[in-house]
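A.B. asks: Before I ask anything, here is the structure I am working with.
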Amino acid sequence: MRKSLRWMFTMLFVLVIGQLYGQEQEKEKPANVYSEGATAVRSRISTVQFSRNFTKLFNEKFPDRIVPHERCIVFYFVIDADGTASHIEVIRSDFNEEYNVHFLQFIDKVTMNAWVPASFKGQKVQKDYTLKVRVGE
């Protein structure tokens, strides 16, 4: 009886230690790595600077239309292997459709030459990207 209890406790100890060790191994991986040898699309410009530049273009185009509070626009892009943005769409906007047509032109101007393309195993690849821009104060 004692031998079987000792054996059970030993096995339980091994399982618990193995589980704890496995959890520690998972914590060591960076959260943004989605595949070995892959890097995500990134921008050379911060999202805060994108928003400032976008707001500046908005104010130049619509000087008589003040945005009383901060509003958001979410864009979808495909960042090509050469770092250019294509297939740009407004996927969410706090503005009406009239503005959204202009926003496509604004975002193209604001993000020109701003992208570092994604890569996989050393090769640059095409990848989709979503960007939230704030307009206003």
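Here, A, B, ... name the chains of the structure tokens in the order displayed, residue numbers run from 1 inside each chain, and ligands are numbered from 1 in the same displayed order.
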Taking 2 positions as the minimum chain separation for residues in the same chain, which residues sit within 10 Å of Glu89 of chain A when counting only C-alpha atoms? Answer as a ChimeraX atom specification.

C.D. replies: /A:74-78,86-87,91-92,100-101,103-104,107,130

A.B. asks: Mind writing the picked residues with N, CA, C and O atoms as a PDB file, in the first residue's frame?

C.D. replies:
```pdb
ATOM      1  N   VAL A  74     -11.295  53.825 -39.649  1.00  0.00           N
ATOM      2  CA  VAL A  74     -10.483  52.614 -39.720  1.00  0.00           C
ATOM      3  C   VAL A  74     -10.320  52.256 -41.188  1.00  0.00           C
ATOM      4  O   VAL A  74     -11.303  52.142 -41.923  1.00  0.00           O
ATOM      5  N   PHE A  75      -9.062  52.095 -41.588  1.00  0.00           N
ATOM      6  CA  PHE A  75      -8.722  51.769 -42.967  1.00  0.00           C
ATOM      7  C   PHE A  75      -8.200  50.341 -43.059  1.00  0.00           C
ATOM      8  O   PHE A  75      -7.558  49.853 -42.136  1.00  0.00           O
ATOM      9  N   TYR A  76      -8.470  49.737 -44.198  1.00  0.00           N
ATOM     10  CA  TYR A  76      -7.914  48.425 -44.530  1.00  0.00           C
ATOM     11  C   TYR A  76      -6.990  48.628 -45.718  1.00  0.00           C
ATOM     12  O   TYR A  76      -7.336  49.336 -46.662  1.00  0.00           O
ATOM     13  N   PHE A  77      -5.807  48.013 -45.670  1.00  0.00           N
ATOM     14  CA  PHE A  77      -4.828  48.096 -46.757  1.00  0.00           C
ATOM     15  C   PHE A  77      -4.336  46.699 -47.082  1.00  0.00           C
ATOM     16  O   PHE A  77      -4.407  45.798 -46.261  1.00  0.00           O
ATOM     17  N   VAL A  78      -3.714  46.598 -48.212  1.00  0.00           N
ATOM     18  CA  VAL A  78      -2.824  45.486 -48.497  1.00  0.00           C
ATOM     19  C   VAL A  78      -1.465  46.133 -48.694  1.00  0.00           C
ATOM     20  O   VAL A  78      -1.316  47.025 -49.525  1.00  0.00           O
ATOM     21  N   SER A  86      -1.957  49.193 -51.214  1.00  0.00           N
ATOM     22  CA  SER A  86      -2.936  49.058 -52.284  1.00  0.00           C
ATOM     23  C   SER A  86      -4.246  48.545 -51.696  1.00  0.00           C
ATOM     24  O   SER A  86      -4.306  48.184 -50.525  1.00  0.00           O
ATOM     25  N   HIS A  87      -5.281  48.526 -52.511  1.00  0.00           N
ATOM     26  CA  HIS A  87      -6.609  48.045 -52.084  1.00  0.00           C
ATOM     27  C   HIS A  87      -7.070  48.747 -50.805  1.00  0.00           C
ATOM     28  O   HIS A  87      -7.555  48.116 -49.874  1.00  0.00           O
ATOM     29  N   ILE A  91     -13.169  50.970 -43.705  1.00  0.00           N
ATOM     30  CA  ILE A  91     -14.037  49.899 -43.211  1.00  0.00           C
ATOM     31  C   ILE A  91     -14.914  50.347 -42.047  1.00  0.00           C
ATOM     32  O   ILE A  91     -15.907  49.694 -41.732  1.00  0.00           O
ATOM     33  N   ARG A  92     -14.555  51.475 -41.428  1.00  0.00           N
ATOM     34  CA  ARG A  92     -15.423  52.068 -40.404  1.00  0.00           C
ATOM     35  C   ARG A  92     -15.106  53.550 -40.312  1.00  0.00           C
ATOM     36  O   ARG A  92     -13.948  53.944 -40.360  1.00  0.00           O
ATOM     37  N   ASN A 100     -15.733  60.070 -46.779  1.00  0.00           N
ATOM     38  CA  ASN A 100     -14.945  58.851 -46.973  1.00  0.00           C
ATOM     39  C   ASN A 100     -14.207  58.826 -48.306  1.00  0.00           C
ATOM     40  O   ASN A 100     -13.105  58.306 -48.405  1.00  0.00           O
ATOM     41  N   VAL A 101     -14.801  59.403 -49.349  1.00  0.00           N
ATOM     42  CA  VAL A 101     -14.141  59.469 -50.653  1.00  0.00           C
ATOM     43  C   VAL A 101     -12.856  60.294 -50.542  1.00  0.00           C
ATOM     44  O   VAL A 101     -11.809  59.910 -51.064  1.00  0.00           O
ATOM     45  N   PHE A 103     -11.215  60.799 -47.756  1.00  0.00           N
ATOM     46  CA  PHE A 103     -10.319  60.125 -46.810  1.00  0.00           C
ATOM     47  C   PHE A 103      -9.409  59.117 -47.503  1.00  0.00           C
ATOM     48  O   PHE A 103      -8.268  58.922 -47.095  1.00  0.00           O
ATOM     49  N   LEU A 104      -9.897  58.501 -48.557  1.00  0.00           N
ATOM     50  CA  LEU A 104      -9.051  57.566 -49.314  1.00  0.00           C
ATOM     51  C   LEU A 104      -7.866  58.294 -49.939  1.00  0.00           C
ATOM     52  O   LEU A 104      -6.751  57.776 -49.967  1.00  0.00           O
ATOM     53  N   ILE A 107      -5.444  59.336 -46.905  1.00  0.00           N
ATOM     54  CA  ILE A 107      -4.645  58.259 -46.319  1.00  0.00           C
ATOM     55  C   ILE A 107      -3.557  57.809 -47.279  1.00  0.00           C
ATOM     56  O   ILE A 107      -2.459  57.452 -46.854  1.00  0.00           O
ATOM     57  N   THR A 130      -4.621  46.815 -40.965  1.00  0.00           N
ATOM     58  CA  THR A 130      -5.715  47.689 -40.556  1.00  0.00           C
ATOM     59  C   THR A 130      -5.123  48.840 -39.750  1.00  0.00           C
ATOM     60  O   THR A 130      -4.288  48.613 -38.877  1.00  0.00           O
TER      61      THR A 130
END
```

A.B. asks: For each of A:Val116, A:Arg71, A:Arg42, A:Ile79, take the minimum atom-to-atom distance to Phe58 of chain A, counting only C-alpha atoms, then give the residue where this is smallest.

C.D. replies: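 Under the stated criterion, the closest residue is A:Arg71.
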
A.B. asks: Closest to Thr111 of chain A among A:Val41, A:Ala85, A:Val133, A:Ile66, using only C-alpha atoms?

C.D. replies: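 Of A:Val41, A:Ala85, A:Val133, A:Ile66, the one nearest Thr111 of chain A, counting only C-alpha atoms, is A:Ala85.
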
A.B. asks: Using Å and a single decimal, report how far atom CA of Lys127 of chain A sits from atom CA of His102 of chain A.

C.D. replies: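 The value is 24.3 Å.
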
A.B. asks: With only C-alpha atoms as the counted atoms, please give the residues lying no more than 12 Å from Lys61 of chain A, apart from itself and same-chain residues fewer than 6 positions off, as a PyMOL selection string.

C.D. replies: chain A and resi 54-55+99+102-103+105-106

A.B. asks: Quick one, how far is atom CA of Val90 of chain A from atom CA of Phe50 of chain A?

C.D. replies: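 Separating atom CA of Val90 of chain A from atom CA of Phe50 of chain A is a distance of 15.2 Å.
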
A.B. asks: In Å, with one decimal, what is the gap from atom CA of Ser46 of chain A to atom CA of His69 of chain A?

C.D. replies: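 That distance, rounded to one decimal, is 21.1 Å.
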
A.B. asks: I need the residue nearest Arg44 of chain A from this list: A:Ala81, A:Val110, A:Ile88, A:Val67. Use only C-alpha atoms for the distance.

C.D. replies: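 Closest candidate: A:Val110.
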
A.B. asks: Find, counting only C-alpha atoms, the residue in A:Gly37, A:Pro68, A:Gly136, A:Gly83 that gets nearest to Lys56 of chain A.

C.D. replies: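 Closest candidate: A:Gly136.
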
A.B. asks: So, counting only C-alpha atoms, which residue among A:Ser93, A:Asn53, A:Gln19, A:Thr47 is closest to Lys109 of chain A?

C.D. replies: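 Closest to Lys109 of chain A of all the choices is A:Asn53.
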
A.B. asks: A:Arg134, A:Gln126, A:Asn59, A:Asp94: which is nearest Ala40 of chain A, counting only C-alpha atoms?

C.D. replies: A:Gln126
